[in-house]
Structures are given as structure tokens and as C-alpha cells.
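Asks: The structure file model07.txt (compact mmCIF, C-alpha atoms) is provided below.
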# COMPACT_ATOMS: atom_id res chain seq x y z
CA LEU D 19 -27.31 27.11 152.44
CA HIS D 20 -27.71 26.78 148.70
CA ASN D 21 -28.13 23.01 148.97
CA PHE D 22 -31.59 23.51 150.47
CA PHE D 23 -32.92 25.42 147.42
CA LEU D 24 -34.32 22.31 145.79
CA SER D 25 -37.17 24.01 143.96
CA GLY D 26 -34.74 26.29 142.13
CA ASN D 27 -36.84 29.46 142.51
CA GLY D 28 -34.53 31.12 145.08
CA LYS D 29 -37.07 30.91 147.88
CA LEU D 30 -37.36 28.26 150.57
CA ASP D 31 -40.70 26.50 150.78
CA GLU D 32 -41.93 24.94 154.04
CA ALA D 33 -40.11 21.62 153.57
CA GLU D 34 -36.84 23.31 152.53
CA LEU D 35 -37.10 25.70 155.47
CA ALA D 36 -37.68 22.77 157.87
CA MET D 37 -34.56 20.97 156.49
CA ARG D 38 -32.50 24.14 156.87
CA ASN D 39 -33.67 24.56 160.48
CA MET D 40 -32.66 20.94 161.20
CA ASP D 41 -29.12 21.64 159.94
CA LYS D 42 -27.71 23.00 163.20
CA SER D 43 -24.09 22.76 162.02
CA ASN D 44 -24.75 24.91 158.87
CA ARG D 45 -23.14 22.33 156.52
CA GLY D 46 -25.73 22.78 153.83
CA HIS D 47 -26.94 19.20 154.09
CA LEU D 48 -28.42 16.83 156.68
CA THR D 49 -26.53 13.97 158.23
CA ASN D 50 -27.75 10.38 157.83
CA ASP D 51 -28.92 10.37 161.47
CA LYS D 52 -31.11 13.41 160.87
CA VAL D 53 -32.59 11.91 157.68
CA TYR D 54 -33.20 8.62 159.54
CA ASN D 55 -35.05 10.46 162.35
CA VAL D 56 -37.17 12.35 159.79
CA MET D 57 -38.08 9.09 158.04
CA GLN D 58 -38.95 7.40 161.37
CA ALA D 59 -41.24 10.31 162.28
CA GLN D 60 -42.84 10.13 158.82
CA LEU D 61 -43.44 6.36 159.16
CA GLU D 62 -44.96 6.86 162.62
CA VAL D 63 -47.33 9.52 161.24
CA GLN D 64 -48.36 7.12 158.46
CA LYS D 65 -49.05 4.35 161.02
CA GLN D 66 -51.23 6.69 163.08
CA LEU D 67 -53.05 7.80 159.96
CA PHE D 68 -53.70 4.16 159.02
CA LYS D 69 -55.04 3.44 162.53
CA THR D 70 -57.28 6.50 162.34
CA ARG D 71 -58.57 5.39 158.94
CA ARG D 72 -59.28 1.90 160.25
CA ILE D 73 -61.21 3.31 163.23
CA MET D 74 -63.13 5.61 160.88
CA PHE D 75 -64.17 2.66 158.66
CA VAL D 76 -65.23 0.59 161.67
CA LEU D 77 -67.36 3.49 162.95
CA LEU D 78 -68.82 4.00 159.48
CA ALA D 79 -69.75 0.30 159.30
CA LEU D 80 -71.36 0.57 162.75
CA VAL D 81 -73.42 3.58 161.60
CA VAL D 82 -74.59 1.63 158.52
CA ILE D 83 -75.58 -1.36 160.69
CA LEU D 84 -77.51 0.90 163.10
CA ALA D 85 -79.26 2.66 160.21
CA LEU D 86 -80.32 -0.70 158.74
CA ALA D 87 -81.56 -1.86 162.16
CA ASN D 88 -83.58 1.33 162.53
CA LEU D 89 -85.02 0.84 159.05
CA GLY D 90 -85.93 -2.77 159.90
CA THR D 91 -87.68 -1.64 163.08
CA SER D 92 -89.65 0.93 161.09
CA PHE D 93 -90.77 -1.71 158.58
CA ALA D 94 -91.79 -4.05 161.42
CA ALA D 95 -93.82 -1.28 163.10
CA ALA D 96 -95.51 -0.40 159.80
CA SER D 97 -96.32 -4.06 159.19
CA LEU D 98 -97.81 -4.46 162.66
CA ALA D 99 -99.77 -1.23 162.29
CA LYS D 100 -101.50 -2.72 159.27
CA ASP D 101 -102.87 -5.51 161.49
CA THR D 102 -104.40 -3.24 164.16
CA THR D 103 -106.97 -0.47 164.33
CA ASN D 104 -109.04 1.41 166.90
CA ASN D 105 -112.57 0.14 167.45
CA LYS D 106 -115.64 2.19 168.41
CA ASN D 107 -114.67 1.98 172.10
CA GLU D 108 -111.28 3.56 171.36
CA GLU D 109 -109.51 0.25 172.05
CA LEU D 110 -106.67 -1.22 170.05
CA SER D 111 -108.11 -4.18 168.12
CA ASN D 112 -107.13 -6.79 165.54
CA LYS D 113 -108.33 -5.76 162.06
CA GLN D 114 -109.19 -9.31 160.96
CA THR D 115 -110.99 -10.60 164.05
CA GLY D 116 -112.13 -7.33 165.64
CA GLU D 117 -110.89 -8.68 168.98
CA ALA D 118 -109.60 -6.04 171.37
CA LEU D 119 -105.88 -6.25 172.09
CA SER D 120 -104.42 -5.24 175.42
CA THR D 121 -100.92 -3.84 175.53
CA GLN D 122 -100.95 -3.44 179.29
CA SER D 123 -103.24 -4.15 182.19
CA THR D 124 -105.81 -1.43 182.75
CA ASN D 125 -108.10 -0.56 185.61
CA ASP D 126 -111.69 0.48 184.94
CA ASP D 127 -113.61 2.13 187.78
CA ILE D 128 -117.36 2.12 187.21
CA GLU D 129 -119.63 4.31 189.31
CA MET D 130 -122.98 2.76 190.28
CA GLN D 131 -126.12 4.92 190.49
CA ARG D 132 -129.11 4.67 192.82
CA THR D 133 -132.23 3.75 190.82
CA ASN D 134 -135.87 3.64 191.91
CA SER D 135 -137.96 0.64 190.99
CA ILE D 136 -139.71 0.89 187.64
CA GLY D 137 -143.41 0.18 187.23
CA GLU D 138 -145.04 -2.08 184.69
CA ASP D 139 -145.59 0.87 182.37
CA GLY D 140 -141.81 1.47 182.20
CA ARG D 141 -141.92 4.63 184.30
CA ARG D 142 -140.36 5.32 187.69
CA LYS D 143 -142.66 5.03 190.64
CA LEU D 144 -143.12 8.34 192.38
CA CYS D 145 -144.58 8.85 195.83
CA SER D 146 -147.66 11.00 196.15
CA LYS D 147 -148.56 13.02 199.21
CA ALA D 148 -151.85 12.16 200.88
CA ASP D 149 -152.75 14.19 203.95
CA GLY D 150 -149.12 15.35 204.27
CA ASP D 151 -147.69 11.83 204.55
CA ARG D 152 -146.08 9.75 201.90
CA ALA D 153 -148.58 7.17 200.80
CA CYS D 154 -146.27 4.84 198.88
CA GLU D 155 -143.06 3.03 199.38
CA THR D 156 -140.54 2.58 196.59
CA ASP D 157 -137.72 0.18 196.29
CA SER D 158 -134.35 1.44 195.09
CA PHE D 159 -131.19 -0.33 194.09
CA LEU D 160 -127.72 0.36 192.72
CA SER D 161 -127.34 -0.15 188.99
CA ILE D 162 -125.21 0.54 185.94
CA ASP D 163 -126.52 1.05 182.43
CA TRP D 164 -126.48 -1.76 179.84
CA ARG D 165 -123.64 -0.29 177.75
CA THR D 166 -121.40 0.08 180.80
CA CYS D 167 -122.26 -3.49 181.83
CA ARG D 168 -121.16 -4.83 178.43
CA ARG D 169 -117.92 -2.83 178.69
CA MET D 170 -117.33 -4.27 182.18
CA VAL D 171 -117.82 -7.85 180.96
CA LYS D 172 -115.50 -7.27 178.00
CA HIS D 173 -112.76 -5.88 180.26
CA CYS D 174 -113.17 -8.81 182.67
CA LYS D 175 -112.81 -11.34 179.84
CA ARG D 176 -109.62 -9.62 178.75
CA GLY D 177 -108.17 -9.94 182.24
CA ASN D 178 -108.23 -6.26 183.13
CA ASN D 179 -109.09 -4.94 186.59
CA VAL D 180 -112.68 -3.71 187.00
CA SER D 181 -114.16 -2.26 190.15
CA LEU D 182 -117.65 -1.00 190.95
CA GLY D 183 -117.96 2.01 193.19
CA ARG D 184 -120.53 3.99 195.13
CA THR D 185 -119.98 7.52 196.44
CA TRP D 186 -121.91 8.17 199.66
CA PRO D 187 -123.41 11.53 200.68
CA ASN D 188 -120.53 12.10 203.16
CA GLY D 189 -118.00 11.96 200.28
CA GLU D 190 -116.59 8.52 201.02
CA THR D 191 -116.37 6.00 198.22
CA THR D 192 -116.77 2.25 198.49
CA ARG D 193 -115.19 0.12 195.78
CA PHE D 194 -115.75 -3.58 195.09
CA ASN D 195 -113.40 -5.46 192.77
CA VAL D 196 -115.37 -7.39 190.19
CA CYS D 197 -112.40 -8.59 188.14
CA PRO D 198 -110.31 -10.12 189.53
CA TYR D 199 -112.66 -10.94 192.37
CA THR D 200 -111.04 -10.36 195.79
CA GLY D 201 -114.17 -10.52 197.97
CA THR D 202 -113.28 -7.29 199.78
CA PHE D 203 -114.56 -3.73 199.94
CA ARG D 204 -112.23 -0.76 200.01
CA LYS D 205 -113.30 2.56 201.47
CA TRP D 206 -111.59 5.87 200.97
CA SER D 207 -112.53 9.50 201.06
CA THR D 208 -112.53 11.40 197.79
CA SER D 209 -113.28 14.81 199.26
I'd like the structure from this file rewritten - as C-alpha cells, please.
Replies:
Amino acid sequence: LHNFFLSGNGKLDEAELAMRNMDKSNRGHLTNDKVYNVMQAQLEVQKQLFKTRRIMFVLLALVVILALANLGTSFAAASLAKDTTNNKNEELSNKQTGEALSTQSTNDDIEMQRTNSIGEDGRRKLCSKADGDRACETDSFLSIDWRTCRRMVKHCKRGNNVSLGRTWPNGETTRFNVCPYTGTFRKWSTS
């Protein structure tokens, strides 16, 4: 028993207590077989620790690579953001050329309005009542305003879908594809 007091303080520490518990024959020392088994276990623990360390370093390198890739993506996005801006029509456009950029195909539905013919003085013609009957005839047509027309042409040139529509008094809507031109009308109810 005294052979296991290696520290000399009269008390067994954890290692000394473990050696004493391994001495099943109470000889006061360990046999070569027991020491060999302890050393084998210690070497196996060191191998596992080395494998764990290697895996940890590989994962750390992977984290560094991913962080650098993320940083590179951020710099690329910042660089591209310097080249683009929003124009007055709220479209993404090139800062240098002012040309609108399209990130995806969009569909623009434009509603046409019924308009009466306009006289030479620039005013709408109105019918007057003479003897209870309408004494004039007016022509009317479907139209869109000039600003909307320019927007429609711009979208067509960019390759986006544009359709003109008319809502009828019964609630049905007729749509006509302007860009790309399909030559067909589509009707559906919006009520």
C-alpha cells in the first residue's frame, strides 16, 4: 500500500488512487501487464485527441474560407450597387447611361379610358338639349394619357409584357397584349 504514496504527503491523489484500485492482488505495485494496458489506453486517448484536433482545424479552416467568401460577396454587391440607381419611374437603372435595367420580366396592365372628341378650341364637345332632344353627336374613343404611353413604349422596348385593358359596365374586363403581340383578346370578370 505504501508503494502508491508517490507524492510523499501521506494522501493518495487521483492517479495514485487509480493505481491502487488496479492492484487487485494487493502487492503494492502493478504488474507489467497492467502497466502495458494503462500505456495502451493512454496512447489510444492521445490518438483520439489528435484526430479531434485535426477535425477541429479542418472545420476552422472551412469557417475562414466561408467568411472570406461572404466578405467577397459583400464587396461584389457593394461594387455593383455603385453602378445602379433608381430613376424617376422607380426603376433600377444604370448610373452612367441612365438606361433602365430589368432583373426579371414584368407585366404592366394599362387601363384605357373612354374619351370624347375634342374641339378645335381644345375643349370637349358637349351636347346641348334643343326641344328635349340631343342636337349634337359626339365621337368617343379609348385612350391613354401621354405619360402612360411613353411608359408603355419603354416597357415594350425592354421586352416586358404590356397589356391594354378596358373594363365594361357589366364588370368584365377585356385585355389586349401589346407586347409581346399575340393578336388575341382575353376576357375575364373582375367583379
Asks: Quick one, how far is atom CA of Ala85 of chain D from atom CA of Phe68 of chain D?
Replies: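 Between atom CA of Ala85 of chain D and atom CA of Phe68 of chain D the gap works out to 25.6 Å.
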Asks: Hey, can you check how far atom CA of Asn195 of chain D sits from atom CA of Gly183 of chain D?
Replies: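 Result for atom CA of Asn195 of chain D versus atom CA of Gly183 of chain D: 8.8 Å, one decimal.
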Asks: Report, in Å with one decimal, the straight-line distance from atom CA of Val56 of chain D to atom CA of Met37 of chain D.
Replies: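 The value is 9.6 Å.
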Asks: Find, counting all atoms listed in the file, the residue in D:Leu98, D:Met130, D:Val81, D:Val171 that gets nearest to Ser111 of chain D.
Replies: D:Leu98
Asks: Taking 2 positions as the minimum chain separation for residues in the same chain, which residues sit within 9 Å of Ser161 of chain D when counting all atoms listed in the file? Answer as a PDB file with C-alpha atoms, keeping the file's coordinate frame.
Replies:
ATOM      1  CA  GLU D 129    -119.630   4.310 189.310  1.00  0.00           C
ATOM      2  CA  MET D 130    -122.980   2.760 190.280  1.00  0.00           C
ATOM      3  CA  GLN D 131    -126.120   4.920 190.490  1.00  0.00           C
ATOM      4  CA  ARG D 132    -129.110   4.670 192.820  1.00  0.00           C
ATOM      5  CA  THR D 133    -132.230   3.750 190.820  1.00  0.00           C
ATOM      6  CA  PHE D 159    -131.190  -0.330 194.090  1.00  0.00           C
ATOM      7  CA  ASP D 163    -126.520   1.050 182.430  1.00  0.00           C
TER       8      ASP D 163
END
Asks: Leaving out Lys106 of chain D and any residue of its chain fewer than 5 positions from it, which residues lie within 12 Å of it when counting only C-alpha atoms, given as a compact mmCIF listing (two decimals) with C-alpha atoms, in the frame of the given file?
Replies:
# COMPACT_ATOMS: atom_id res chain seq x y z
CA SER D 111 -108.11 -4.18 168.12
CA GLY D 116 -112.13 -7.33 165.64
CA GLU D 117 -110.89 -8.68 168.98
CA ALA D 118 -109.60 -6.04 171.37
CA ARG D 169 -117.92 -2.83 178.69
Asks: Measuring between all atoms listed in the file, which one of D:Cys167, D:Val63, D:Leu78, D:Leu182 shows the shortest distance to Ile128 of chain D?
Replies: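 The answer is D:Leu182, which sits nearest to Ile128 of chain D.
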Asks: For a cutoff of 12 Å around the file-coordinate point (-117.5, 4.7, 192.6), which residues qualify once you count only C-alpha atoms? I'd like the result as a short mmCIF file (atom, residue, chain, number, x, y, z; two decimals) with C-alpha atoms, keeping the file's coordinate frame.
Replies:
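Okay, this is what ended up in part37.cif:
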data_model
loop_
_atom_site.label_atom_id
_atom_site.label_comp_id
_atom_site.auth_asym_id
_atom_site.auth_seq_id
_atom_site.Cartn_x
_atom_site.Cartn_y
_atom_site.Cartn_z
CA ASP D 126 -111.69 0.48 184.94
CA ASP D 127 -113.61 2.13 187.78
CA ILE D 128 -117.36 2.12 187.21
CA GLU D 129 -119.63 4.31 189.31
CA MET D 130 -122.98 2.76 190.28
CA GLN D 131 -126.12 4.92 190.49
CA ARG D 132 -129.11 4.67 192.82
CA LEU D 160 -127.72 0.36 192.72
CA SER D 161 -127.34 -0.15 188.99
CA ILE D 162 -125.21 0.54 185.94
CA VAL D 180 -112.68 -3.71 187.00
CA SER D 181 -114.16 -2.26 190.15
CA LEU D 182 -117.65 -1.00 190.95
CA GLY D 183 -117.96 2.01 193.19
CA ARG D 184 -120.53 3.99 195.13
CA THR D 185 -119.98 7.52 196.44
CA TRP D 186 -121.91 8.17 199.66
CA GLY D 189 -118.00 11.96 200.28
CA GLU D 190 -116.59 8.52 201.02
CA THR D 191 -116.37 6.00 198.22
CA THR D 192 -116.77 2.25 198.49
CA ARG D 193 -115.19 0.12 195.78
CA PHE D 194 -115.75 -3.58 195.09
CA ASN D 195 -113.40 -5.46 192.77
CA PHE D 203 -114.56 -3.73 199.94
CA ARG D 204 -112.23 -0.76 200.01
CA LYS D 205 -113.30 2.56 201.47
CA TRP D 206 -111.59 5.87 200.97
CA SER D 207 -112.53 9.50 201.06
CA THR D 208 -112.53 11.40 197.79
#
